[in-house]
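Q: Sharing a structure here in structure tokens format.
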Amino acid sequence: MNDQKLDVMGEEYLDLPEDHPDVRSRLTPQQHERRWYKNVYKGDDMPQLSVRAVLMGSCLGGFMALSNLYVGLKTGWGLGVAITACILSFAIHKTMMAAFPRWFSTEMSILENNCMQSTASSAGYSTGGTMVSAIAAYLIVTGHHMPWPTLAVWTFCLAALGVFMAVPMKRQMINVEKLKFPSGIAAAETLKSLHSKGAEADMKAKSLGVAAALGGIVAWLRDAGKPFAIPGMLNVPGTIGGLPLAKYTLSFEMSSILMAAGAIMGWKIAWSLLLGAFINYALLAPWMVRLGAIDGSHLGYRAIVQWSTWTGASMMVTSGLFMFALQWRTMLRAFSGLSTLFAGRAPSKTEDRLAAIEVPTSWFLGGTLLSGLGCIGVLYFAFDTRWWMGVIAVLMTFFLAIVACRVTGECDTTPIGAMGKITQLAFGFLAPANIATNLMTASVTAGAAAASADLLTDLKSGYLLGANPRKQFIAQFLGIFAGTLVVVPAFYLLVPNAAALGTDQWPAPSAQVWAAVAKLLSKGLHALHPTARLGLLCGGLLGLIIPLLEKAFPKQQKYIPSATGLGLSMVIPFFNSLSMFLGALIALILEKKKPLLAERYIITVSSGLIAGESLVGVAVALLSAFGLISPP
């Protein structure tokens with residue numbers, strides 16, 4: 001097998017196993033795609049983009065957009081939609097088939113459910129993220145709502161911009177680099193289990209079900225507290241500088257989701273996360289408290305991250321863009337037809353077939369232009385932002401979305417807040433006195449980056465299942481309409497005025513941070529603490545040095561920390577990094593001690609834990625919203 005020739009015109013390499021070293025080291029990008037098309041693609045063999053899939057996804061996504069709006073205003077975080085939608089859709093359709101067999105006579109195919117997931121995810125997540133951050137911050141800063149037509153157009157254009165910007169990233173990050181996108185893997189594994197047949201499939205389905213039950217029980221006891229409550233956090237005893245370790249987020253979170261994500265994402269990212277988190281929260285943060293760069297009287301995650309975001313974000317941005325620059329040839333291939341034109345040759349039959357299922361470059365160019373112009377127009381007419389500043393904001397968004405998507409692919413966490421802060425920093429220099437411009441240009445970056453990462457996560461599921469990516473893209477785009485129709489009026493109903501934010505009912509912590517940064521940068525860049533400016537520089541340099549070290553010493557790569565992991569660890573709490581590290585450590589031990597067991601069950605069990613806790617977490621949030629239960 002080692003002597004097997006991988007002729008670009010031959011077919012020998014197509015049947016190599018996925019874990020064969022030649023698959024990663026010797027195959028060209030074209031060969032990777034041909035291999036997938038021959039062995040995995042099923043998009044022409046079963047229904048995918050159907051009316052019932054889009055309608056189911058729109059209904060479930062709209063419903064879950066409400067829960068994410070509620071949770072976001074409460075905690076600043078969003079809940080995953082895709083896996084929950086897969087399970088709910090499967091259960092609902094099975095019920096409808098039993099109750100109304102005349103109207104619901106056939107099961108939805110696995111690719112229909114995958115398309116449904118894309119619509120639901122777009123409606124439930126991509127359109128609502130900006131509501132709990134930049135839009136709520138705008139309300140805090142100005143004291144009044146923007147007109148609802150403005151907010152509706154803004155929400156739609158942001159989500160559309162992100163979806164179209166993801167087009168050229170898909171072939172590089174998913175087809176060629178095969179980034180993990182752990183939630184995408186989990187969603188695909190969940191769908192496989194739901195649609196499985198055979199003894200081994202049954203065993204995997206049972207293991208996923210047991211894991212889902214365990215994840216759901218943990219979420220119910222923690223969030224609902226019935227019949228007894230378990231703590232949401234286990235604090236580590238001890239102090240640093242006289243302050244409890246918990247103030248520095250040095251705790252253990254009672255959650256299985258991030259441990260499961262860590263098991264999927266891999267060892268290098270996970271230990272890099274823990275290393276960066278230890279440096280940031282156990283060493284740098286206490287030092288900055290002593291220097292006065294971090295307010296020790298209100299110490300906690302929000303206070304620390306307002307300082308550490310600048311280091312972490314700059315590290316992720318420079319490393320992400322540097323890796324983008326190194327891969328420019330394969331990224332160019334994403335613009336379908338350009339590489340063929342430059343090479344002066346006719347496309348092969350396989351390339352023609354792939355071009356027929358991938359999203360065309362014309363969609364990317366036309367969609368990005370129209371949605372980008374929509375964002376620029378709203379910035380100009382509604383927020384008094386000069387047109388050229390709007391152009392800069394959209395251009396910055398493309399490159400920062402690349403960074404956000406790469407981080408999501410490696411770590412399963414989209415750093416939309418950190419990417420937004422980079423835009424806020426830039427416009428703190430370009431428009432230092434205009435708070436509205438500072439907020440809303442950053443909203444372009446955060447909203448579009450979230451939509452791009454969400455689409456790529458869904459496309460990862462489709463890639464593993466053999467779906468037609470063009471049809472999945474259409475499903476994602478259609479979900480934007482449903483999400484906008486639901487989340488915009490819901491925001492006005494839940495938050496009638498600025499006085500509602502910052503209260504016990506709606507703490508809106510993410511919006512508070514956005515507003516605080518906008519107010520700070522309205523005084524100019526010198527308003528940043530000198531150590532924050534130094535951290536910005538050091539983070540940017542490390543983001544360049546680490547990838548260069550990996551290139552210079554390829555055999556020692558496993559000992560060199562990931563710049564993505566280090567950067568992300570500085571914008572999420574320590575306990576998140578700890579959970580992902582523990583999950584990856586458990587997976588590593590299993591892979592060493594029980595390789596066959598690990599291969600069979602790590603992804604399945606991890607997917608079940610993510611699905612179970614997500615589903616129950618959404619249910620508890622909705623029951624709390626309607627006053628049916630009182631959380632502990």
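Labels for the structure tokens follow display order: chains A, B, ..., residues from 1 in each chain, ligands from 1.
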Which residues are near A:Ala401? Cut-off 10 Å, only C-alpha atoms, ignore same chain within fewer than 5 positions. Put them as a PyMOL selection string.

A: chain A and resi 162+165-166+169+317+320+396+406-407+414-416+419+445-453

Q: For a test of reading the model, state the distance in Å between atom CA of A:Ala282 and atom CA of A:Ala418, rounded to one decimal.

A: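 Atom-to-atom, atom CA of A:Ala282 to atom CA of A:Ala418, that is 20.7 Å.
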
Q: In Å, with one decimal, what is the gap from atom CA of A:Lys519 to atom CA of A:Leu425?

A: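 Calculated distance between atom CA of A:Lys519 and atom CA of A:Leu425 is 11.5 Å.
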
Q: Report as JSON, numbers by chain all protein, DNA and RNA residues lying within 8 Å of stretch 181-198 of chain A, evaluated on only C-alpha atoms, omitting residues in the same chain fewer than 6 positions from it.

A: {"A": [82, 83, 86, 87, 90, 110, 113, 114, 204, 205, 208, 261, 264, 265, 408, 409, 410, 411, 412, 456, 457, 458, 459, 460, 461, 462, 464, 465, 603, 604, 606, 607, 608, 610, 611]}

Q: Could you save the residues just selected, with N, CA and C atoms, as a JSON list (two decimals), in the first residue's frame?

A:
```json
[["chain", "number", "residue", "atom", "x", "y", "z"],
["A", 82, "ALA", "N", -28.89, 23.15, 15.84],
["A", 82, "ALA", "CA", -28.92, 22.10, 14.82],
["A", 82, "ALA", "C", -29.28, 20.74, 15.38],
["A", 83, "ILE", "N", -28.58, 20.29, 16.42],
["A", 83, "ILE", "CA", -28.81, 18.93, 16.93],
["A", 83, "ILE", "C", -30.20, 18.82, 17.53],
["A", 86, "CYS", "N", -32.70, 18.48, 14.81],
["A", 86, "CYS", "CA", -32.68, 17.13, 14.21],
["A", 86, "CYS", "C", -33.56, 16.17, 15.00],
["A", 87, "ILE", "N", -33.39, 16.16, 16.31],
["A", 87, "ILE", "CA", -34.14, 15.23, 17.16],
["A", 87, "ILE", "C", -35.62, 15.57, 17.16],
["A", 90, "PHE", "N", -37.26, 14.71, 13.75],
["A", 90, "PHE", "CA", -37.44, 13.27, 13.58],
["A", 90, "PHE", "C", -38.63, 12.78, 14.41],
["A", 110, "ILE", "N", -32.50, 11.07, 5.39],
["A", 110, "ILE", "CA", -31.47, 11.64, 6.24],
["A", 110, "ILE", "C", -30.97, 12.99, 5.69],
["A", 113, "ASN", "N", -33.56, 15.69, 6.49],
["A", 113, "ASN", "CA", -33.37, 16.15, 7.87],
["A", 113, "ASN", "C", -32.14, 17.03, 7.99],
["A", 114, "ASN", "N", -31.13, 16.73, 7.21],
["A", 114, "ASN", "CA", -29.94, 17.57, 7.22],
["A", 114, "ASN", "C", -30.25, 18.95, 6.66],
["A", 204, "LYS", "N", -24.69, 1.66, 18.14],
["A", 204, "LYS", "CA", -24.31, 3.06, 18.19],
["A", 204, "LYS", "C", -25.50, 3.94, 18.58],
["A", 205, "ALA", "N", -26.66, 3.61, 18.04],
["A", 205, "ALA", "CA", -27.85, 4.40, 18.37],
["A", 205, "ALA", "C", -28.17, 4.30, 19.86],
["A", 208, "LEU", "N", -25.67, 6.35, 21.79],
["A", 208, "LEU", "CA", -26.00, 7.77, 21.67],
["A", 208, "LEU", "C", -27.20, 8.11, 22.56],
["A", 261, "ALA", "N", -17.38, 18.25, 23.27],
["A", 261, "ALA", "CA", -16.74, 18.96, 22.16],
["A", 261, "ALA", "C", -15.23, 18.78, 22.20],
["A", 264, "ILE", "N", -14.09, 15.53, 20.72],
["A", 264, "ILE", "CA", -14.13, 15.50, 19.25],
["A", 264, "ILE", "C", -13.02, 16.35, 18.65],
["A", 265, "MET", "N", -12.73, 17.49, 19.26],
["A", 265, "MET", "CA", -11.83, 18.46, 18.62],
["A", 265, "MET", "C", -10.38, 18.01, 18.55],
["A", 408, "THR", "N", -13.94, 28.26, 14.85],
["A", 408, "THR", "CA", -15.08, 27.35, 15.03],
["A", 408, "THR", "C", -14.73, 25.95, 14.54],
["A", 409, "GLY", "N", -14.06, 25.87, 13.40],
["A", 409, "GLY", "CA", -13.69, 24.56, 12.86],
["A", 409, "GLY", "C", -12.74, 23.80, 13.76],
["A", 410, "GLU", "N", -11.87, 24.51, 14.47],
["A", 410, "GLU", "CA", -10.89, 23.85, 15.32],
["A", 410, "GLU", "C", -11.39, 23.66, 16.75],
["A", 411, "CYS", "N", -12.17, 24.62, 17.26],
["A", 411, "CYS", "CA", -12.50, 24.63, 18.70],
["A", 411, "CYS", "C", -13.99, 24.55, 19.00],
["A", 412, "ASP", "N", -14.85, 24.62, 17.99],
["A", 412, "ASP", "CA", -16.29, 24.55, 18.18],
["A", 412, "ASP", "C", -16.86, 25.74, 18.94],
["A", 456, "LEU", "N", -21.04, 26.86, 7.88],
["A", 456, "LEU", "CA", -19.97, 25.89, 7.70],
["A", 456, "LEU", "C", -20.13, 24.69, 8.63],
["A", 457, "THR", "N", -20.63, 24.93, 9.83],
["A", 457, "THR", "CA", -20.90, 23.82, 10.75],
["A", 457, "THR", "C", -21.95, 22.89, 10.15],
["A", 458, "ASP", "N", -23.01, 23.47, 9.57],
["A", 458, "ASP", "CA", -24.04, 22.66, 8.93],
["A", 458, "ASP", "C", -23.49, 21.96, 7.68],
["A", 459, "LEU", "N", -22.68, 22.66, 6.90],
["A", 459, "LEU", "CA", -22.10, 22.05, 5.71],
["A", 459, "LEU", "C", -21.15, 20.90, 6.07],
["A", 460, "LYS", "N", -20.53, 20.98, 7.24],
["A", 460, "LYS", "CA", -19.70, 19.87, 7.70],
["A", 460, "LYS", "C", -20.55, 18.62, 7.89],
["A", 461, "SER", "N", -21.73, 18.79, 8.49],
["A", 461, "SER", "CA", -22.66, 17.65, 8.62],
["A", 461, "SER", "C", -23.00, 17.10, 7.25],
["A", 462, "GLY", "N", -23.35, 18.00, 6.33],
["A", 462, "GLY", "CA", -23.70, 17.56, 4.98],
["A", 462, "GLY", "C", -22.56, 16.87, 4.28],
["A", 464, "LEU", "N", -20.20, 15.07, 5.63],
["A", 464, "LEU", "CA", -20.05, 13.72, 6.18],
["A", 464, "LEU", "C", -21.16, 12.79, 5.71],
["A", 465, "LEU", "N", -22.34, 13.37, 5.46],
["A", 465, "LEU", "CA", -23.50, 12.56, 5.05],
["A", 465, "LEU", "C", -23.61, 12.42, 3.54],
["A", 603, "ILE", "N", -17.07, 9.58, 19.18],
["A", 603, "ILE", "CA", -17.91, 10.57, 18.51],
["A", 603, "ILE", "C", -19.38, 10.32, 18.82],
["A", 604, "THR", "N", -19.79, 9.05, 18.86],
["A", 604, "THR", "CA", -21.19, 8.73, 19.12],
["A", 604, "THR", "C", -21.62, 9.19, 20.51],
["A", 606, "SER", "N", -20.08, 11.35, 22.51],
["A", 606, "SER", "CA", -19.95, 12.80, 22.61],
["A", 606, "SER", "C", -21.15, 13.49, 21.96],
["A", 607, "SER", "N", -21.57, 12.98, 20.82],
["A", 607, "SER", "CA", -22.72, 13.55, 20.13],
["A", 607, "SER", "C", -23.98, 13.42, 20.98],
["A", 608, "GLY", "N", -24.13, 12.28, 21.64],
["A", 608, "GLY", "CA", -25.29, 12.08, 22.50],
["A", 608, "GLY", "C", -25.31, 13.04, 23.67],
["A", 610, "ILE", "N", -23.93, 16.01, 23.83],
["A", 610, "ILE", "CA", -24.25, 17.35, 23.30],
["A", 610, "ILE", "C", -25.73, 17.46, 23.00],
["A", 611, "ALA", "N", -26.29, 16.43, 22.35],
["A", 611, "ALA", "CA", -27.70, 16.47, 21.97],
["A", 611, "ALA", "C", -28.60, 16.50, 23.20]]
```

Q: Do you know which residues are at most 7 Å from stretch 55-70 of chain A counting only C-alpha atoms, after dropping those on the same chain fewer than 2 positions away, and could you put them as a ChimeraX atom specification?

A: /A:51-53,72-74,78-79,85,89,116-117,119-121,123-125,128,132,479,482-483,486-487,618,621-622

Q: Residues of the last selection are to be written out with C-alpha atoms, as a short mmCIF file (atom, residue, chain, number, x, y, z; two decimals), in the first residue's frame.

A:
```
data_model
loop_
_atom_site.label_atom_id
_atom_site.label_comp_id
_atom_site.auth_asym_id
_atom_site.auth_seq_id
_atom_site.Cartn_x
_atom_site.Cartn_y
_atom_site.Cartn_z
CA VAL A 51 -40.84 21.81 0.88
CA ARG A 52 -41.55 19.79 4.03
CA ALA A 53 -37.89 19.99 5.12
CA GLY A 72 -28.97 35.48 25.37
CA LEU A 73 -30.60 38.34 27.25
CA LYS A 74 -30.18 36.36 30.47
CA GLY A 78 -26.59 31.20 22.74
CA LEU A 79 -27.72 27.59 22.60
CA ALA A 85 -33.78 20.52 15.63
CA SER A 89 -37.91 17.03 13.60
CA MET A 116 -34.08 20.92 7.68
CA GLN A 117 -31.28 21.34 10.21
CA THR A 119 -32.94 26.00 7.81
CA ALA A 120 -33.60 25.66 11.54
CA SER A 121 -30.07 26.63 12.50
CA ALA A 123 -33.56 30.80 11.68
CA GLY A 124 -32.78 30.00 15.30
CA TYR A 125 -29.18 31.17 15.62
CA GLY A 128 -30.75 36.47 16.66
CA VAL A 132 -28.41 40.26 22.48
CA GLY A 479 -34.05 30.10 7.12
CA ALA A 482 -38.15 32.75 9.11
CA GLY A 483 -35.67 33.90 11.74
CA VAL A 486 -39.79 35.87 14.46
CA VAL A 487 -36.85 37.44 16.27
CA VAL A 618 -33.68 24.57 25.64
CA ALA A 621 -35.24 27.80 29.29
CA LEU A 622 -38.67 27.76 27.64
#
```

Q: Residues at most 9 Å from stretch 296-308 of chain A, counting only C-alpha atoms, excluding those fewer than 2 positions away in the same chain, as a PyMOL selection string?

A: chain A and resi 243+246-249+280-281+284-286+288-290+292-294+310-313+509-510+513+517+528-529+531-532+535-536+570-574

Q: So that I can see what lies close to A:Leu158, please list as a ChimeraX atom specification the residues with an atom at most 12 Å from it, counting only C-alpha atoms and leaving out residues fewer than 5 positions away in the same chain.

A: /A:122,126-131,151-153,163-165,367-368,370-376,378-379,393-394,397-398,440-452,477,480-481,484

Q: Between atom CA of A:Leu283 and atom CA of A:Pro530, what is the distance in Å, rounded to a tenth?

A: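 Atom-to-atom, atom CA of A:Leu283 to atom CA of A:Pro530, that is 17.9 Å.
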
Q: Using only C-alpha atoms, which residue out of A:Lys558, A:Lys170, A:Arg34, A:Lys94 lies closest to A:Phe473?

A: A:Lys170
